[in-house]
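A.B. asks: My questions all concern the structure below.
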Amino acid sequence: MTGRDWSIQEIARLAGTTSRTLRHYDDVGLLRPSRIAHNGYRHYDEAALVRLQRILLLRELGLGLPQIAEVLNPVTSRQSEASALETHLALLREEQNRLARQIASVENTINALKGGEELMAENMFDGFDHTRYKEEVEERWGRKTYADSDRWWRGMTDAERADWQQRVSDLGRDWIAAAESGIDPASAEAQDVARRHVEWLTGIPGTPAAVPGGDVKAYVIGLGEMYVADPRFGANYATSAGGTQGAEFVRDALRIYAESNL
């Protein structure tokens, strides 16, 4: 360890997160700053950076903050750094396996469509698990939100689920194309995609966007910010330029749409 530390703004930029998120991690006892400067700014040393790296990894694997706290708690985990990393590796391999199954599922669907073959509905959703973010949804928006959306998802037919997945895929494709084209987020083309995105959100039961009288505007703007702050969501809008450029375009376009129409 060198004894060097970094400001909260520097860490947020390096880690691709936000100062607000880091402050929240402090508030819940997940990541304490190594020191607080006389101006009140939080600073983080190398040990804190290592801990943040593990937190972000576990977040990418879909764990909620309470689960992460338990994993990182030396009293409950009793793990050395090496064994903790072995746990991370096991989780990564599980995720790798899930993604491989998704890829195979989509490839089979493409081949069936191109060859004019009958689609095998029971194989089309292998690797798709809408429950993996259960704790996070409940933490952000409450248990009723998850219960309502879960009931809606389970009540769909195979064809309806396939249509929904296609709608999500089309939105992601069109967002990326718009971002890479260099158009303004306020342009008619970008705002049309934003309109479709909001219509999609309002069609998901349980979300603030679908509840009568809900604060749709704040919800849409907040989601846009989350797309940039959370790499799991930002990856859905990643352009060839890399980084958060695509997610930032989506955030800006959604904010403009929300300010003008919601």
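Lettering and numbering for the structure tokens are positional, with chains as A, B, ... in the shown order, residues counted from 1 in each chain, and ligands counted from 1 in the shown order.
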Which residues are near region 170-173 of chain A? Cut-off 7 Å, only C-alpha atoms, ignore same chain within fewer than 3 positions. Put them as a ChimeraX atom specification.

C.D. replies: /A:166-167,176-177,197,236-237

A.B. asks: I'd like the neighbourhood of Met226 (chain A) as an MDAnalysis selection string, where a residue qualifies if any of its atoms comes within 12 Å (using only C-alpha atoms), though same-chain residues fewer than 2 positions away should be ignored.

C.D. replies: chainID A and resid 16:18 20:21 140 219:224 228:235 244 247:248 250:252 254

A.B. asks: Save the residues we just selected, N, CA and C atoms, as a CSV table (one decimal), in the first residue's frame?

C.D. replies:
chain,number,residue,atom,x,y,z
A,16,GLY,N,-16.6,4.5,-12.8
A,16,GLY,CA,-17.8,4.6,-13.6
A,16,GLY,C,-19.1,4.6,-12.9
A,17,THR,N,-19.0,5.2,-11.6
A,17,THR,CA,-20.2,5.3,-10.8
A,17,THR,C,-20.5,6.7,-10.5
A,18,THR,N,-21.2,7.0,-9.5
A,18,THR,CA,-21.5,8.4,-9.1
A,18,THR,C,-21.1,8.7,-7.6
A,20,ARG,N,-23.0,10.2,-5.6
A,20,ARG,CA,-24.2,9.8,-4.9
A,20,ARG,C,-24.2,8.4,-4.5
A,21,THR,N,-23.9,7.5,-5.4
A,21,THR,CA,-23.8,6.1,-5.1
A,21,THR,C,-22.8,5.8,-4.0
A,140,ARG,N,-35.3,-1.1,-4.4
A,140,ARG,CA,-35.5,0.3,-5.0
A,140,ARG,C,-36.9,0.7,-5.0
A,219,TYR,N,-39.6,9.1,-12.5
A,219,TYR,CA,-39.2,7.7,-12.7
A,219,TYR,C,-38.4,7.5,-14.0
A,220,VAL,N,-38.8,8.1,-15.1
A,220,VAL,CA,-38.1,8.1,-16.3
A,220,VAL,C,-36.8,8.8,-16.3
A,221,ILE,N,-36.7,9.9,-15.6
A,221,ILE,CA,-35.5,10.7,-15.5
A,221,ILE,C,-34.5,9.9,-14.6
A,222,GLY,N,-35.0,9.3,-13.5
A,222,GLY,CA,-34.2,8.5,-12.6
A,222,GLY,C,-33.6,7.3,-13.3
A,223,LEU,N,-34.4,6.6,-14.1
A,223,LEU,CA,-33.9,5.5,-14.9
A,223,LEU,C,-32.8,5.9,-15.8
A,224,GLY,N,-33.0,7.0,-16.5
A,224,GLY,CA,-31.9,7.5,-17.4
A,224,GLY,C,-30.6,7.6,-16.7
A,228,VAL,N,-26.7,5.3,-16.9
A,228,VAL,CA,-25.3,5.7,-17.0
A,228,VAL,C,-24.5,5.3,-15.8
A,229,ALA,N,-25.1,5.3,-14.6
A,229,ALA,CA,-24.4,5.0,-13.3
A,229,ALA,C,-24.1,3.5,-13.2
A,230,ASP,N,-25.1,2.6,-13.7
A,230,ASP,CA,-24.9,1.2,-13.4
A,230,ASP,C,-24.5,0.5,-14.7
A,231,PRO,N,-23.3,-0.1,-14.8
A,231,PRO,CA,-22.7,-0.7,-16.0
A,231,PRO,C,-23.6,-1.8,-16.5
A,232,ARG,N,-24.4,-2.5,-15.6
A,232,ARG,CA,-25.2,-3.6,-16.1
A,232,ARG,C,-26.2,-3.1,-17.1
A,233,PHE,N,-26.8,-1.9,-16.8
A,233,PHE,CA,-27.8,-1.3,-17.7
A,233,PHE,C,-27.2,-0.6,-18.8
A,234,GLY,N,-26.1,0.1,-18.5
A,234,GLY,CA,-25.4,0.8,-19.6
A,234,GLY,C,-24.9,-0.1,-20.7
A,235,ALA,N,-24.6,-1.3,-20.4
A,235,ALA,CA,-24.1,-2.3,-21.4
A,235,ALA,C,-25.2,-2.5,-22.5
A,244,THR,N,-19.6,5.0,-21.7
A,244,THR,CA,-21.0,5.3,-21.3
A,244,THR,C,-21.6,6.2,-22.4
A,247,ALA,N,-25.3,5.2,-23.2
A,247,ALA,CA,-26.2,5.3,-22.1
A,247,ALA,C,-26.4,6.8,-21.8
A,248,GLU,N,-25.4,7.6,-22.0
A,248,GLU,CA,-25.6,9.1,-21.8
A,248,GLU,C,-26.5,9.7,-22.8
A,250,VAL,N,-29.0,8.0,-24.2
A,250,VAL,CA,-30.4,7.6,-23.8
A,250,VAL,C,-30.9,8.5,-22.7
A,251,ARG,N,-30.0,8.7,-21.7
A,251,ARG,CA,-30.4,9.5,-20.5
A,251,ARG,C,-30.8,10.9,-21.0
A,252,ASP,N,-30.0,11.5,-21.8
A,252,ASP,CA,-30.3,12.9,-22.2
A,252,ASP,C,-31.6,12.9,-23.0
A,254,LEU,N,-34.2,10.8,-22.9
A,254,LEU,CA,-35.3,10.5,-22.0
A,254,LEU,C,-35.6,11.7,-21.1

A.B. asks: Which neighbours of region 25-30 of chain A fall inside 12 Å, counting only C-alpha atoms, when residues of the same chain fewer than 6 positions from it are skipped, and could you give them as a list in words?

C.D. replies: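 Contacts, with the query itself left out: Ile8, Thr17, Thr18, Ser19, Ile36, Arg42, His43, Tyr44, Ala48, Arg51, Leu52, Arg54, Ile55, Leu56, Gly64, Leu65, Pro66, Gln67, Ile68, Ala69, Glu70, Val71, Leu72 and Asn73 of chain A.
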
A.B. asks: Residues at most 7 Å from Pro185 (chain A), counting only C-alpha atoms, excluding those fewer than 3 positions away in the same chain, as a CSV table (one decimal) with N, CA and C atoms, in the first residue's frame?

C.D. replies:
chain,number,residue,atom,x,y,z
A,190,ALA,N,-34.6,10.9,-32.2
A,190,ALA,CA,-34.2,10.4,-30.9
A,190,ALA,C,-35.5,10.5,-30.0
A,191,GLN,N,-36.3,11.5,-30.1
A,191,GLN,CA,-37.4,11.7,-29.3
A,191,GLN,C,-38.5,10.6,-29.6
A,249,PHE,N,-26.5,9.2,-24.0
A,249,PHE,CA,-27.4,9.6,-25.1
A,249,PHE,C,-28.8,9.3,-24.7
A,252,ASP,N,-30.0,11.5,-21.8
A,252,ASP,CA,-30.3,12.9,-22.2
A,252,ASP,C,-31.6,12.9,-23.0
A,253,ALA,N,-31.8,12.0,-23.9
A,253,ALA,CA,-33.1,11.9,-24.7
A,253,ALA,C,-34.3,11.7,-23.9

A.B. asks: Which residue out of A:Leu262, A:Leu201, A:Gly115, A:Ser240 has the minimum interatomic distance to Ala218 (chain A) when only C-alpha atoms are used?

C.D. replies: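 Selected residue with least distance to Ala218 (chain A): A:Leu262.
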
A.B. asks: Separation of CA of Tyr227 (chain A) and CA of Thr157 (chain A), in Å?

C.D. replies: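 For CA of Tyr227 (chain A) relative to CA of Thr157 (chain A), the distance reads 28.8 Å.
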
A.B. asks: Find the residue from A:Arg255, A:Ile110, A:Ala194, A:Leu49 that sits nearest to Glu10 (chain A); use only C-alpha atoms when measuring.

C.D. replies: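 Selected residue with least distance to Glu10 (chain A): A:Leu49.
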
A.B. asks: Rank A:Ser7, A:Leu14, A:Asp158, A:Gly246 by their smallest atom-to-atom distance to Asn39 (chain A), using only C-alpha atoms, and report the top residue only.

C.D. replies: A:Ser7

A.B. asks: Work out how far apart CA of Gln9 (chain A) and CA of Ala47 (chain A) are and give it in Å to one decimal.

C.D. replies: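 Separating CA of Gln9 (chain A) from CA of Ala47 (chain A) is a distance of 17.2 Å.
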
A.B. asks: Hey, what's within 8 Å of Ala178 (chain A) if we count only C-alpha atoms and toss same-chain stuff fewer than 4 positions away? As a PyMOL selection string, please?

C.D. replies: chain A and resi 174+182-183+189-190

A.B. asks: Would you export the selected residues with N, CA and C atoms as an mmCIF file, in the first residue's frame, please?

C.D. replies:
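File written: result.cif
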data_model
loop_
_atom_site.group_PDB
_atom_site.id
_atom_site.type_symbol
_atom_site.label_atom_id
_atom_site.label_comp_id
_atom_site.auth_asym_id
_atom_site.auth_seq_id
_atom_site.Cartn_x
_atom_site.Cartn_y
_atom_site.Cartn_z
ATOM 1 N N ASP A 174 -32.237 0.378 -31.690
ATOM 2 C CA ASP A 174 -32.526 1.707 -32.214
ATOM 3 C C ASP A 174 -31.839 2.798 -31.395
ATOM 4 N N GLY A 182 -24.860 10.261 -34.463
ATOM 5 C CA GLY A 182 -24.447 11.627 -34.167
ATOM 6 C C GLY A 182 -25.577 12.628 -34.085
ATOM 7 N N ILE A 183 -26.831 12.160 -34.106
ATOM 8 C CA ILE A 183 -27.955 13.097 -34.020
ATOM 9 C C ILE A 183 -28.072 13.652 -32.605
ATOM 10 N N GLU A 189 -35.958 12.176 -34.344
ATOM 11 C CA GLU A 189 -35.672 10.742 -34.393
ATOM 12 C C GLU A 189 -35.411 10.183 -32.994
ATOM 13 N N ALA A 190 -34.566 10.890 -32.228
ATOM 14 C CA ALA A 190 -34.241 10.426 -30.883
ATOM 15 C C ALA A 190 -35.457 10.492 -29.966
#

A.B. asks: Take CA of Ala12 (chain A) and CA of Asp45 (chain A) and report the distance between them in Å, one decimal.

C.D. replies: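 Computed distance, CA of Ala12 (chain A) to CA of Asp45 (chain A), equals 13.4 Å.
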
A.B. asks: When you count only C-alpha atoms, which of these residues is closest to Trp164 (chain A): A:Leu22, A:Ala258, A:Ala238, A:Ile204?

C.D. replies: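 Nearest to Trp164 (chain A): A:Ile204.
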
A.B. asks: Restricting the calculation to only C-alpha atoms: of A:Ala188, A:Val198, A:Ile103, A:Ala37, which residue gets closest to Val216 (chain A)?

C.D. replies: A:Val198
